[in-house]
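Visitor: Mind having a look at this structure? Questions to follow.
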Amino acid sequence: MPGRSTVHLVDDPAWVRWTLTAVALGFLTLFVVAPTVLVFVEGLKRGWQVYVDALTTPEARDAIRLTLITAAIAVPLNTAFGLAAAWWITRFRWKGKTLVVSLIDLPFGVSPVISGMVTVLLFGAPGLLGPWLQAHDIRIVFALPGIVLATIFVTFPFVARELIPFLETQGTEEEEAAHILGAGGWQIFFRVTLPNIKWSLLYGVILCNARAMGEFGAVSVVSGHIRGETNTVPLYVEILYNEYSFAAAFSVASLLVLLAGVTLAAKKLVEWKARDLRRPETGSAP
Amino acid sequence: MSIAVQSIVKAFDGHPVLRDVSFDVPGGELVALLGPSGCGKTTLLRIIAGLEHADAGHVLHSGEPVGGKSARDRNVGLVFQHYALFRHMTVEQNVSFALTVRRRPREKVRARVSELLRLVQLEGLERRFPSQLSGGQRQRVALARALATEPSVLLLDEPFGALDARVRKELRTWLRRLHDEIHVTTLFVTHDQEEAFEVADRVVLMDGGRVEQVGTPREVFDEPASPFVMRFLGSVNIFQGRLENGQALFGGIEVPHPAASDRVSPARLYVRPHELVVHHDPVAGSFPAVVLRVTPIGSAVRVELDAPTVENPLSAEVDAERAARLDLEPGDHVWVEPRRLRVFDGDAVDSLTASGL
């Protein structure tokens, strides 16, 4: 694709090429580069000390801890769910498959705010399961479980979406071979399936993690914004911003930008590895 | 160990794939399951291996039904058409897989692997990955892997299908020798008649989900049981004719034919190219023809002919020596004598072609 379009562009007059390049670069600068730089500029405006202080206040630390805990629960669970769903969808013949595949995509289709509201409606005090939960003194909404549930819902598709096409193209022959050779279900999974899908899986996990840590809308609805208790990093940024603590807000926001950078780098690395693996001659560097 | 397949029926989404298939593979034999693509042979192989379930019927190993056993408990070795080697494992790891999942002691595994690699002539390639091997080498790795646990039955799905012609020929001979060496009951699926004949002790011919004939290569070639077998095993000339009073009538000649008895009916008559004898002068039971083309094919010469009394062009095969004596040229007027005619029961001429009689 890129090769074809380059060939095409070369044929176009110079002014077309320059205009298109300028437009593309302009957009990139305006919407990606400038905001990224600005986050750091604003965060560091009052100096390094203020930046570090903003990140080390007890509230900031609590927010970071909560975000890490949420991701640490949601990502492994979604990895397991995603694997199971992808396995079930690609390895068995059954009716209603397409419906289930569309359902998996549902969290991508609905606004995260709605995801959050569904959680509240289900588990909140006036909600469906609310009275029962209250009677048993279980807190879900405005507490960690609610945040985790909302995050799981929003980030569910990443792993499954990544694995389904990969498993489909890969076919089942290697697994059948392992089965005939005497391997049990878990042996097949750990010795044959997992090594084959590991790069796709990792790719999905990276994206899932980035979204889990950065999720705002759904978490905002269920969290209740209790400082030091139910504030994740994105929510904390909003609070700081609303309180006109701009430097602190941008300092904390810069953490999310760094996360994005790490995610991109990891994603690129995995793409390289996976491409290397798919080459007919393995072992040769790209 | 012997395999028996009894009245196997299988359909996918309502489309019948196997319709009442039965045959036996005696212990120690090498049998080919031969048929055109889509005839159900691979499905049958997968049912015998335990990867698919039959809708009805039984598979027996040494007389014991194995329907209730999963594939991993059947002690069957299967070589997939595209080998299905584990991509992320070396040759050694691939071959030892069945032994390591059974937690066999390491020294025994190592000894068995080197024994197997010697058997399939792949010593020295232990550390290679499948992607670093040629097609023929991959095939032999798959075979070694399947043989690791000394299976009582070896199943091969189009074992040479993915290889180029030269390698295929080599591997055929090699497989035959290997089988003579280890004598494991082997069933292999192929659509290539030459391959089946060269390698197998016996051939099971399948078409449209049914077994058409079972026999040695000689038997099925010389005594085909159905028009399908006749057409599938090599080329054939088909004449529209009639059976009448112990005679087969076609192309203006009469040939005595036992199947004709006393009935009168239109019939298709099948003659193999090598069963048509070409003469310069008329002989009894021959009809006239004109030579269209002469093509040398290895040790024989193929002669394309056009006979005014027969509707389609026909093809005869003459051995090289006789061809040299005849010295045929396109345009020559010759006489064609069928040596052997075959007629099949229930092979009525359909109305369209019959109208041309």
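Identifiers in the structure tokens: chain A, B, ... in order shown; residue index from 1 per chain; ligand index from 1 in order shown.
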Which residues of chain B come within 6 Å of chain A, and for each one, what is the closest pair of atoms and their distance in Å to one decimal, counting only C-alpha atoms, sorted by chain and residue number, as a Markdown table?
Guide:
```
| residue | atom | partner | partner_atom | distance |
| --- | --- | --- | --- | --- |
| B:Ala71 | CA | A:Ile180 | CA | 5.2 |
| B:Arg72 | CA | A:Gly182 | CA | 4.4 |
| B:Ala84 | CA | A:Glu174 | CA | 4.9 |
| B:Ala98 | CA | A:Leu181 | CA | 4.9 |
| B:Val101 | CA | A:Ala183 | CA | 5.7 |
| B:Ser131 | CA | A:Glu281 | CA | 5.7 |
```
Visitor: Okay, now the selection with C-alpha atoms, as a compact mmCIF listing (two decimals), in the first residue's frame?
Guide:
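In the end it all went to out14.txt:
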```txt
# COMPACT_ATOMS: atom_id res chain seq x y z
CA ALA B 71 -7.47 -39.83 19.31
CA ARG B 72 -4.73 -39.62 21.95
CA ALA B 84 1.57 -29.73 10.83
CA ALA B 98 4.99 -37.63 21.92
CA VAL B 101 4.30 -35.40 26.91
CA SER B 131 11.15 -23.43 8.32
```
Visitor: Select from stretch 205-318 of chain B everything DSSP, run on the backbone, classes as alpha helix (DSSP H), then give the selection as a ChimeraX atom specification.
Guide: /B:217-222,227-232
Visitor: Just want the 12 Å neighbourhood of B:Arg340, counted on only C-alpha atoms, with same-chain residues fewer than 6 positions away dropped. Output as a PyMOL selection string.
Guide: chain B and resi 222-223+236-237+248+255-258+269-277+285
Visitor: State, in Å with one decimal place, the distance from atom CA of A:Leu264 to atom CA of A:Ala210.
Guide: 9.5 Å
Visitor: Out of stretch 167-294 of chain B, which residues get strand (DSSP E) from DSSP, as an mmCIF file with N, CA and C atoms, in the first residue's frame?
Guide:
```
data_model
loop_
_atom_site.group_PDB
_atom_site.id
_atom_site.type_symbol
_atom_site.label_atom_id
_atom_site.label_comp_id
_atom_site.auth_asym_id
_atom_site.auth_seq_id
_atom_site.Cartn_x
_atom_site.Cartn_y
_atom_site.Cartn_z
ATOM 1 N N THR B 185 1.163 -51.398 10.137
ATOM 2 C CA THR B 185 -0.049 -51.296 9.322
ATOM 3 C C THR B 185 -0.224 -49.854 8.875
ATOM 4 N N THR B 186 -0.262 -49.646 7.571
ATOM 5 C CA THR B 186 -0.258 -48.271 7.067
ATOM 6 C C THR B 186 -1.392 -48.049 6.082
ATOM 7 N N LEU B 187 -2.075 -46.915 6.265
ATOM 8 C CA LEU B 187 -3.131 -46.537 5.339
ATOM 9 C C LEU B 187 -2.786 -45.144 4.838
ATOM 10 N N PHE B 188 -2.658 -44.976 3.545
ATOM 11 C CA PHE B 188 -2.381 -43.632 3.056
ATOM 12 C C PHE B 188 -3.365 -43.179 1.990
ATOM 13 N N VAL B 189 -3.677 -41.888 2.094
ATOM 14 C CA VAL B 189 -4.668 -41.291 1.219
ATOM 15 C C VAL B 189 -3.959 -40.651 0.038
ATOM 16 N N THR B 190 -4.456 -40.880 -1.151
ATOM 17 C CA THR B 190 -3.866 -40.227 -2.312
ATOM 18 C C THR B 190 -4.896 -40.091 -3.426
ATOM 19 N N ARG B 202 -2.319 -53.025 -1.384
ATOM 20 C CA ARG B 202 -3.702 -53.067 -1.855
ATOM 21 C C ARG B 202 -4.240 -51.652 -1.968
ATOM 22 N N VAL B 203 -5.269 -51.525 -2.779
ATOM 23 C CA VAL B 203 -5.845 -50.223 -3.057
ATOM 24 C C VAL B 203 -7.334 -50.248 -2.736
ATOM 25 N N VAL B 204 -7.798 -49.216 -2.011
ATOM 26 C CA VAL B 204 -9.230 -49.055 -1.788
ATOM 27 C C VAL B 204 -9.654 -47.863 -2.633
ATOM 28 N N LEU B 205 -10.496 -48.105 -3.631
ATOM 29 C CA LEU B 205 -10.916 -47.020 -4.519
ATOM 30 C C LEU B 205 -12.213 -46.417 -4.035
ATOM 31 N N MET B 206 -12.225 -45.102 -3.886
ATOM 32 C CA MET B 206 -13.418 -44.431 -3.400
ATOM 33 C C MET B 206 -13.904 -43.389 -4.385
ATOM 34 N N ASP B 207 -15.231 -43.232 -4.426
ATOM 35 C CA ASP B 207 -15.816 -42.155 -5.221
ATOM 36 C C ASP B 207 -17.144 -41.755 -4.593
ATOM 37 N N ARG B 210 -18.314 -43.465 -1.403
ATOM 38 C CA ARG B 210 -18.515 -44.916 -1.394
ATOM 39 C C ARG B 210 -17.244 -45.623 -1.807
ATOM 40 N N VAL B 211 -17.103 -46.870 -1.333
ATOM 41 C CA VAL B 211 -15.999 -47.691 -1.800
ATOM 42 C C VAL B 211 -16.417 -48.331 -3.113
ATOM 43 N N GLU B 212 -15.610 -48.124 -4.141
ATOM 44 C CA GLU B 212 -15.951 -48.682 -5.447
ATOM 45 C C GLU B 212 -15.340 -50.066 -5.626
ATOM 46 N N GLN B 213 -14.123 -50.227 -5.137
ATOM 47 C CA GLN B 213 -13.449 -51.514 -5.294
ATOM 48 C C GLN B 213 -12.268 -51.603 -4.344
ATOM 49 N N VAL B 214 -11.982 -52.824 -3.887
ATOM 50 C CA VAL B 214 -10.797 -53.066 -3.060
ATOM 51 C C VAL B 214 -10.032 -54.196 -3.713
ATOM 52 N N GLY B 215 -8.723 -54.047 -3.839
ATOM 53 C CA GLY B 215 -7.935 -55.131 -4.428
ATOM 54 C C GLY B 215 -6.485 -54.734 -4.593
ATOM 55 N N ASN B 237 -10.924 -45.665 -23.818
ATOM 56 C CA ASN B 237 -11.801 -45.296 -24.934
ATOM 57 C C ASN B 237 -13.191 -45.815 -24.626
ATOM 58 N N ILE B 238 -14.170 -44.946 -24.800
ATOM 59 C CA ILE B 238 -15.548 -45.371 -24.527
ATOM 60 C C ILE B 238 -16.340 -45.338 -25.821
ATOM 61 N N PHE B 239 -16.948 -46.484 -26.161
ATOM 62 C CA PHE B 239 -17.761 -46.562 -27.376
ATOM 63 C C PHE B 239 -19.210 -46.753 -26.997
ATOM 64 N N GLN B 240 -20.091 -46.127 -27.776
ATOM 65 C CA GLN B 240 -21.517 -46.405 -27.599
ATOM 66 C C GLN B 240 -21.831 -47.589 -28.502
ATOM 67 N N GLY B 241 -22.438 -48.616 -27.929
ATOM 68 C CA GLY B 241 -22.725 -49.793 -28.735
ATOM 69 C C GLY B 241 -23.948 -50.512 -28.227
ATOM 70 N N ARG B 242 -24.045 -51.796 -28.609
ATOM 71 C CA ARG B 242 -25.196 -52.589 -28.216
ATOM 72 C C ARG B 242 -24.747 -53.976 -27.832
ATOM 73 N N LEU B 243 -25.484 -54.595 -26.944
ATOM 74 C CA LEU B 243 -25.253 -55.996 -26.628
ATOM 75 C C LEU B 243 -26.404 -56.779 -27.253
ATOM 76 N N GLU B 244 -26.050 -57.850 -27.944
ATOM 77 C CA GLU B 244 -27.085 -58.604 -28.621
ATOM 78 C C GLU B 244 -26.604 -60.034 -28.844
ATOM 79 N N GLN B 247 -23.099 -61.028 -28.417
ATOM 80 C CA GLN B 247 -22.162 -60.205 -29.181
ATOM 81 C C GLN B 247 -22.223 -58.762 -28.697
ATOM 82 N N ALA B 248 -21.086 -58.115 -28.745
ATOM 83 C CA ALA B 248 -21.070 -56.680 -28.530
ATOM 84 C C ALA B 248 -20.936 -56.033 -29.890
ATOM 85 N N LEU B 249 -21.847 -55.101 -30.185
ATOM 86 C CA LEU B 249 -21.845 -54.473 -31.512
ATOM 87 C C LEU B 249 -21.466 -53.008 -31.388
ATOM 88 N N PHE B 250 -20.471 -52.596 -32.120
ATOM 89 C CA PHE B 250 -20.169 -51.160 -32.177
ATOM 90 C C PHE B 250 -19.233 -50.901 -33.345
ATOM 91 N N ILE B 253 -18.565 -53.410 -36.077
ATOM 92 C CA ILE B 253 -18.021 -54.758 -35.886
ATOM 93 C C ILE B 253 -18.795 -55.475 -34.796
ATOM 94 N N GLU B 254 -18.604 -56.808 -34.769
ATOM 95 C CA GLU B 254 -19.239 -57.631 -33.755
ATOM 96 C C GLU B 254 -18.145 -58.377 -33.019
ATOM 97 N N VAL B 255 -18.174 -58.289 -31.683
ATOM 98 C CA VAL B 255 -17.178 -59.006 -30.892
ATOM 99 C C VAL B 255 -17.937 -59.886 -29.911
ATOM 100 N N PRO B 256 -17.572 -61.147 -29.813
ATOM 101 C CA PRO B 256 -18.253 -61.988 -28.826
ATOM 102 C C PRO B 256 -17.983 -61.449 -27.412
ATOM 103 N N VAL B 264 -30.812 -57.825 -25.184
ATOM 104 C CA VAL B 264 -30.550 -56.810 -26.194
ATOM 105 C C VAL B 264 -30.627 -55.470 -25.491
ATOM 106 N N SER B 265 -29.536 -54.752 -25.457
ATOM 107 C CA SER B 265 -29.580 -53.467 -24.756
ATOM 108 C C SER B 265 -28.458 -52.566 -25.240
ATOM 109 N N PRO B 266 -28.709 -51.253 -25.233
ATOM 110 C CA PRO B 266 -27.604 -50.347 -25.525
ATOM 111 C C PRO B 266 -26.602 -50.411 -24.375
ATOM 112 N N ALA B 267 -25.333 -50.177 -24.671
ATOM 113 C CA ALA B 267 -24.317 -50.277 -23.612
ATOM 114 C C ALA B 267 -23.115 -49.422 -23.954
ATOM 115 N N ARG B 268 -22.402 -49.054 -22.887
ATOM 116 C CA ARG B 268 -21.105 -48.411 -23.100
ATOM 117 C C ARG B 268 -20.045 -49.497 -23.082
ATOM 118 N N LEU B 269 -19.112 -49.405 -24.026
ATOM 119 C CA LEU B 269 -18.035 -50.385 -24.116
ATOM 120 C C LEU B 269 -16.724 -49.671 -23.834
ATOM 121 N N TYR B 270 -15.942 -50.240 -22.917
ATOM 122 C CA TYR B 270 -14.697 -49.609 -22.479
ATOM 123 C C TYR B 270 -13.503 -50.400 -22.985
ATOM 124 N N VAL B 271 -12.573 -49.691 -23.606
ATOM 125 C CA VAL B 271 -11.350 -50.339 -24.079
ATOM 126 C C VAL B 271 -10.157 -49.464 -23.707
ATOM 127 N N LEU B 276 -6.105 -51.715 -27.798
ATOM 128 C CA LEU B 276 -6.453 -51.503 -29.198
ATOM 129 C C LEU B 276 -5.223 -51.823 -30.049
ATOM 130 N N VAL B 277 -5.369 -52.770 -30.932
ATOM 131 C CA VAL B 277 -4.225 -53.144 -31.779
ATOM 132 C C VAL B 277 -4.399 -52.481 -33.147
ATOM 133 N N VAL B 278 -3.319 -51.860 -33.597
ATOM 134 C CA VAL B 278 -3.380 -51.147 -34.880
ATOM 135 C C VAL B 278 -2.726 -52.010 -35.966
ATOM 136 N N HIS B 279 -3.440 -52.222 -37.078
ATOM 137 C CA HIS B 279 -2.926 -52.999 -38.219
ATOM 138 C C HIS B 279 -2.943 -52.147 -39.483
ATOM 139 N N PHE B 287 -12.019 -52.366 -37.297
ATOM 140 C CA PHE B 287 -12.727 -51.337 -38.052
ATOM 141 C C PHE B 287 -11.720 -50.317 -38.574
ATOM 142 N N PRO B 288 -12.080 -49.625 -39.662
ATOM 143 C CA PRO B 288 -11.105 -48.711 -40.283
ATOM 144 C C PRO B 288 -10.966 -47.403 -39.519
ATOM 145 N N ALA B 289 -9.792 -46.801 -39.604
ATOM 146 C CA ALA B 289 -9.557 -45.513 -38.952
ATOM 147 C C ALA B 289 -8.435 -44.774 -39.668
ATOM 148 N N VAL B 290 -8.345 -43.476 -39.374
ATOM 149 C CA VAL B 290 -7.287 -42.663 -39.958
ATOM 150 C C VAL B 290 -6.422 -42.131 -38.818
ATOM 151 N N VAL B 291 -5.083 -42.177 -39.006
ATOM 152 C CA VAL B 291 -4.170 -41.698 -37.972
ATOM 153 C C VAL B 291 -4.207 -40.171 -37.942
ATOM 154 N N LEU B 292 -4.457 -39.611 -36.763
ATOM 155 C CA LEU B 292 -4.460 -38.152 -36.613
ATOM 156 C C LEU B 292 -3.112 -37.641 -36.128
ATOM 157 N N ARG B 293 -2.555 -38.357 -35.147
ATOM 158 C CA ARG B 293 -1.334 -37.870 -34.524
ATOM 159 C C ARG B 293 -0.580 -39.033 -33.905
ATOM 160 N N VAL B 294 0.736 -38.953 -33.897
ATOM 161 C CA VAL B 294 1.574 -39.987 -33.285
ATOM 162 C C VAL B 294 2.481 -39.311 -32.263
#
```
Visitor: If we count only C-alpha atoms, what is near stretch 212-216 of chain A at a cut-off of 8 Å, once residues fewer than 5 positions away on the same chain are taken out, given as a PyMOL selection string?
Guide: chain A and resi 67-68+70-71+74-75+112+151-152+154-155+233-235+256
Visitor: Take the selection from the previous step and output its residues with all heavy atoms, as an mmCIF file, in the first residue's frame.
Guide:
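Heads up, here's the output in again_1.cif:
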```
data_model
loop_
_atom_site.group_PDB
_atom_site.id
_atom_site.type_symbol
_atom_site.label_atom_id
_atom_site.label_comp_id
_atom_site.auth_asym_id
_atom_site.auth_seq_id
_atom_site.Cartn_x
_atom_site.Cartn_y
_atom_site.Cartn_z
ATOM 1 N N THR A 67 -4.611 3.052 39.997
ATOM 2 C CA THR A 67 -4.549 2.737 38.563
ATOM 3 C C THR A 67 -3.776 1.442 38.327
ATOM 4 O O THR A 67 -4.189 0.582 37.543
ATOM 5 C CB THR A 67 -3.893 3.899 37.796
ATOM 6 O OG1 THR A 67 -4.775 5.014 37.849
ATOM 7 C CG2 THR A 67 -3.633 3.537 36.349
ATOM 8 N N LEU A 68 -2.653 1.301 39.031
ATOM 9 C CA LEU A 68 -1.842 0.085 38.858
ATOM 10 C C LEU A 68 -2.609 -1.153 39.321
ATOM 11 O O LEU A 68 -2.595 -2.193 38.657
ATOM 12 C CB LEU A 68 -0.514 0.208 39.623
ATOM 13 C CG LEU A 68 0.471 1.236 39.053
ATOM 14 C CD1 LEU A 68 1.724 1.324 39.930
ATOM 15 C CD2 LEU A 68 0.870 0.854 37.623
ATOM 16 N N THR A 70 -5.873 -1.515 39.507
ATOM 17 C CA THR A 70 -6.961 -1.780 38.560
ATOM 18 C C THR A 70 -6.438 -2.531 37.328
ATOM 19 O O THR A 70 -6.998 -3.560 36.925
ATOM 20 C CB THR A 70 -7.607 -0.459 38.102
ATOM 21 O OG1 THR A 70 -7.999 0.258 39.269
ATOM 22 C CG2 THR A 70 -8.809 -0.709 37.231
ATOM 23 N N ALA A 71 -5.338 -2.022 36.786
ATOM 24 C CA ALA A 71 -4.768 -2.677 35.608
ATOM 25 C C ALA A 71 -4.296 -4.077 35.957
ATOM 26 O O ALA A 71 -4.469 -5.021 35.183
ATOM 27 C CB ALA A 71 -3.625 -1.849 35.038
ATOM 28 N N ALA A 74 -7.564 -6.086 36.045
ATOM 29 C CA ALA A 74 -8.352 -6.137 34.804
ATOM 30 C C ALA A 74 -7.589 -6.801 33.654
ATOM 31 O O ALA A 74 -8.173 -7.588 32.902
ATOM 32 C CB ALA A 74 -8.794 -4.732 34.400
ATOM 33 N N VAL A 75 -6.297 -6.486 33.532
ATOM 34 C CA VAL A 75 -5.559 -6.998 32.367
ATOM 35 C C VAL A 75 -5.411 -8.526 32.410
ATOM 36 O O VAL A 75 -5.732 -9.190 31.420
ATOM 37 C CB VAL A 75 -4.207 -6.274 32.208
ATOM 38 C CG1 VAL A 75 -3.381 -6.911 31.099
ATOM 39 C CG2 VAL A 75 -4.433 -4.800 31.919
ATOM 40 N N PRO A 112 -18.040 4.881 26.646
ATOM 41 C CA PRO A 112 -17.606 4.381 27.951
ATOM 42 C C PRO A 112 -18.517 4.854 29.080
ATOM 43 O O PRO A 112 -18.693 4.156 30.075
ATOM 44 C CB PRO A 112 -16.204 4.964 28.102
ATOM 45 C CG PRO A 112 -15.750 5.217 26.724
ATOM 46 C CD PRO A 112 -16.960 5.556 25.928
ATOM 47 N N THR A 151 -13.647 -1.130 34.066
ATOM 48 C CA THR A 151 -12.438 -1.230 33.244
ATOM 49 C C THR A 151 -12.436 -2.536 32.440
ATOM 50 O O THR A 151 -12.104 -2.546 31.260
ATOM 51 C CB THR A 151 -11.182 -1.162 34.132
ATOM 52 O OG1 THR A 151 -11.265 0.005 34.939
ATOM 53 C CG2 THR A 151 -9.919 -1.119 33.286
ATOM 54 N N ILE A 152 -12.821 -3.616 33.105
ATOM 55 C CA ILE A 152 -12.862 -4.907 32.407
ATOM 56 C C ILE A 152 -13.816 -4.838 31.219
ATOM 57 O O ILE A 152 -13.488 -5.270 30.111
ATOM 58 C CB ILE A 152 -13.304 -6.033 33.366
ATOM 59 C CG1 ILE A 152 -12.161 -6.372 34.316
ATOM 60 C CG2 ILE A 152 -13.728 -7.274 32.588
ATOM 61 C CD1 ILE A 152 -12.510 -7.411 35.350
ATOM 62 N N VAL A 154 -14.787 -2.238 29.486
ATOM 63 C CA VAL A 154 -14.300 -1.379 28.402
ATOM 64 C C VAL A 154 -13.135 -2.013 27.652
ATOM 65 O O VAL A 154 -13.009 -1.855 26.440
ATOM 66 C CB VAL A 154 -13.902 0.002 28.973
ATOM 67 C CG1 VAL A 154 -13.206 0.834 27.916
ATOM 68 C CG2 VAL A 154 -15.127 0.712 29.488
ATOM 69 N N THR A 155 -12.284 -2.759 28.359
ATOM 70 C CA THR A 155 -11.068 -3.274 27.716
ATOM 71 C C THR A 155 -11.202 -4.727 27.269
ATOM 72 O O THR A 155 -10.243 -5.322 26.813
ATOM 73 C CB THR A 155 -9.855 -3.164 28.668
ATOM 74 O OG1 THR A 155 -10.139 -3.929 29.843
ATOM 75 C CG2 THR A 155 -9.579 -1.726 29.040
ATOM 76 N N VAL A 233 -5.557 7.719 38.011
ATOM 77 C CA VAL A 233 -4.734 8.804 37.474
ATOM 78 C C VAL A 233 -5.534 9.736 36.550
ATOM 79 O O VAL A 233 -5.519 10.954 36.742
ATOM 80 C CB VAL A 233 -3.465 8.254 36.790
ATOM 81 C CG1 VAL A 233 -2.703 9.354 36.070
ATOM 82 C CG2 VAL A 233 -2.566 7.581 37.811
ATOM 83 N N PRO A 234 -6.263 9.198 35.580
ATOM 84 C CA PRO A 234 -7.007 10.129 34.701
ATOM 85 C C PRO A 234 -8.015 10.981 35.467
ATOM 86 O O PRO A 234 -8.171 12.166 35.173
ATOM 87 C CB PRO A 234 -7.727 9.192 33.730
ATOM 88 C CG PRO A 234 -6.964 7.935 33.761
ATOM 89 C CD PRO A 234 -6.418 7.806 35.140
ATOM 90 N N LEU A 235 -8.684 10.377 36.455
ATOM 91 C CA LEU A 235 -9.663 11.136 37.230
ATOM 92 C C LEU A 235 -8.977 12.210 38.063
ATOM 93 O O LEU A 235 -9.478 13.329 38.213
ATOM 94 C CB LEU A 235 -10.454 10.208 38.160
ATOM 95 C CG LEU A 235 -11.281 9.112 37.494
ATOM 96 C CD1 LEU A 235 -12.070 8.346 38.536
ATOM 97 C CD2 LEU A 235 -12.215 9.707 36.461
ATOM 98 N N LEU A 256 0.678 9.760 31.946
ATOM 99 C CA LEU A 256 -0.127 9.046 30.948
ATOM 100 C C LEU A 256 0.505 9.150 29.562
ATOM 101 O O LEU A 256 0.448 8.214 28.768
ATOM 102 C CB LEU A 256 -1.556 9.592 30.927
ATOM 103 C CG LEU A 256 -2.363 9.306 32.196
ATOM 104 C CD1 LEU A 256 -3.695 10.043 32.184
ATOM 105 C CD2 LEU A 256 -2.598 7.817 32.361
#
```
Visitor: So which one's closest to A:Ile64, A:Ser251, A:Ser102, A:Gln170, A:Thr232? Using only C-alpha atoms, please.
Guide: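 Among A:Ser251, A:Ser102, A:Gln170, A:Thr232, it is A:Thr232 that comes nearest to A:Ile64.
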Visitor: So how far away is atom CA of A:Phe142 from atom CA of A:Ile226, in Å?
Guide: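 Atom CA of A:Phe142 lies at a distance of 7.8 Å from atom CA of A:Ile226.
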Visitor: Using only C-alpha atoms, determine which residues lie at most 9 Å from A:Leu144, disregarding the query and same-chain residues fewer than 6 positions distant; provide the list as a PDB file with N, CA, C and O atoms, in the first residue's frame.
Guide:
```pdb
ATOM      1  N   LEU A  66      -3.908   3.111  42.685  1.00  0.00           N
ATOM      2  CA  LEU A  66      -5.210   2.580  42.282  1.00  0.00           C
ATOM      3  C   LEU A  66      -5.221   2.183  40.796  1.00  0.00           C
ATOM      4  O   LEU A  66      -5.725   1.121  40.418  1.00  0.00           O
ATOM      5  N   ILE A  69      -3.308  -1.006  40.476  1.00  0.00           N
ATOM      6  CA  ILE A  69      -4.061  -2.159  40.986  1.00  0.00           C
ATOM      7  C   ILE A  69      -5.164  -2.548  39.989  1.00  0.00           C
ATOM      8  O   ILE A  69      -5.346  -3.723  39.662  1.00  0.00           O
ATOM      9  N   THR A  70      -5.873  -1.515  39.507  1.00  0.00           N
ATOM     10  CA  THR A  70      -6.961  -1.780  38.560  1.00  0.00           C
ATOM     11  C   THR A  70      -6.438  -2.531  37.328  1.00  0.00           C
ATOM     12  O   THR A  70      -6.998  -3.560  36.925  1.00  0.00           O
ATOM     13  N   SER A 223     -16.754   5.742  39.952  1.00  0.00           N
ATOM     14  CA  SER A 223     -15.766   5.935  41.014  1.00  0.00           C
ATOM     15  C   SER A 223     -16.298   6.773  42.170  1.00  0.00           C
ATOM     16  O   SER A 223     -16.010   6.510  43.322  1.00  0.00           O
ATOM     17  N   GLU A 229      -9.109   7.505  47.547  1.00  0.00           N
ATOM     18  CA  GLU A 229      -9.730   6.184  47.613  1.00  0.00           C
ATOM     19  C   GLU A 229     -10.129   5.650  46.243  1.00  0.00           C
ATOM     20  O   GLU A 229      -9.762   4.548  45.863  1.00  0.00           O
ATOM     21  N   THR A 230     -10.900   6.466  45.517  1.00  0.00           N
ATOM     22  CA  THR A 230     -11.393   5.956  44.238  1.00  0.00           C
ATOM     23  C   THR A 230     -10.968   6.848  43.075  1.00  0.00           C
ATOM     24  O   THR A 230     -11.628   6.889  42.046  1.00  0.00           O
TER      25      THR A 230
END
```
Visitor: Any idea what's packed within 10 Å of A:Thr90, counting only C-alpha atoms, ignoring anything in its chain fewer than 4 positions away? Could you give it as a PyMOL selection string?
Guide: chain A and resi 85-86+94+97+163-172
Visitor: Would you pick out the contacts of B:Ala162 at 9 Å or less, using only C-alpha atoms, so that residues sharing its chain but fewer than 5 positions from it are not included, and give the list as a ChimeraX atom specification?
Guide: /B:81-82,135-136,168
Visitor: Go ahead and dump the residues you just picked, all heavy atoms, as a compact mmCIF listing (two decimals), in the first residue's frame.
Guide:
```txt
# COMPACT_ATOMS: atom_id res chain seq x y z
N GLN B 81 -1.32 -33.73 5.70
CA GLN B 81 -0.95 -33.36 4.34
C GLN B 81 0.11 -32.26 4.32
O GLN B 81 1.05 -32.31 3.55
CB GLN B 81 -2.20 -32.91 3.58
CG GLN B 81 -1.90 -32.59 2.15
CD GLN B 81 -3.16 -32.31 1.35
OE1 GLN B 81 -4.25 -32.30 1.88
NE2 GLN B 81 -3.00 -32.08 0.08
N HIS B 82 -0.09 -31.25 5.19
CA HIS B 82 0.91 -30.18 5.24
C HIS B 82 1.80 -30.33 6.46
O HIS B 82 2.31 -29.36 7.01
CB HIS B 82 0.24 -28.82 5.19
CG HIS B 82 -0.59 -28.65 3.94
ND1 HIS B 82 0.00 -28.52 2.70
CD2 HIS B 82 -1.91 -28.66 3.73
CE1 HIS B 82 -0.94 -28.44 1.79
NE2 HIS B 82 -2.12 -28.52 2.38
N GLY B 135 10.87 -29.37 1.69
CA GLY B 135 9.59 -30.07 1.79
C GLY B 135 9.76 -31.55 2.13
O GLY B 135 9.09 -32.09 3.00
N GLY B 136 10.67 -32.20 1.43
CA GLY B 136 10.90 -33.62 1.65
C GLY B 136 11.40 -33.91 3.06
O GLY B 136 11.02 -34.89 3.69
N ARG B 168 9.00 -36.42 -4.91
CA ARG B 168 7.87 -37.32 -4.70
C ARG B 168 8.24 -38.75 -5.07
O ARG B 168 8.00 -39.68 -4.34
CB ARG B 168 6.70 -36.82 -5.55
CG ARG B 168 5.37 -37.26 -5.04
CD ARG B 168 4.28 -36.80 -5.94
NE ARG B 168 4.31 -35.36 -6.19
CZ ARG B 168 3.53 -34.74 -7.06
NH1 ARG B 168 2.68 -35.44 -7.77
NH2 ARG B 168 3.60 -33.45 -7.22
```
Visitor: Between atom CA of A:Ser115 and atom CA of A:Phe153, what is the distance in Å, rounded to a tenth?
Guide: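 Atom CA of A:Phe153 lies 7.1 Å from atom CA of A:Ser115.
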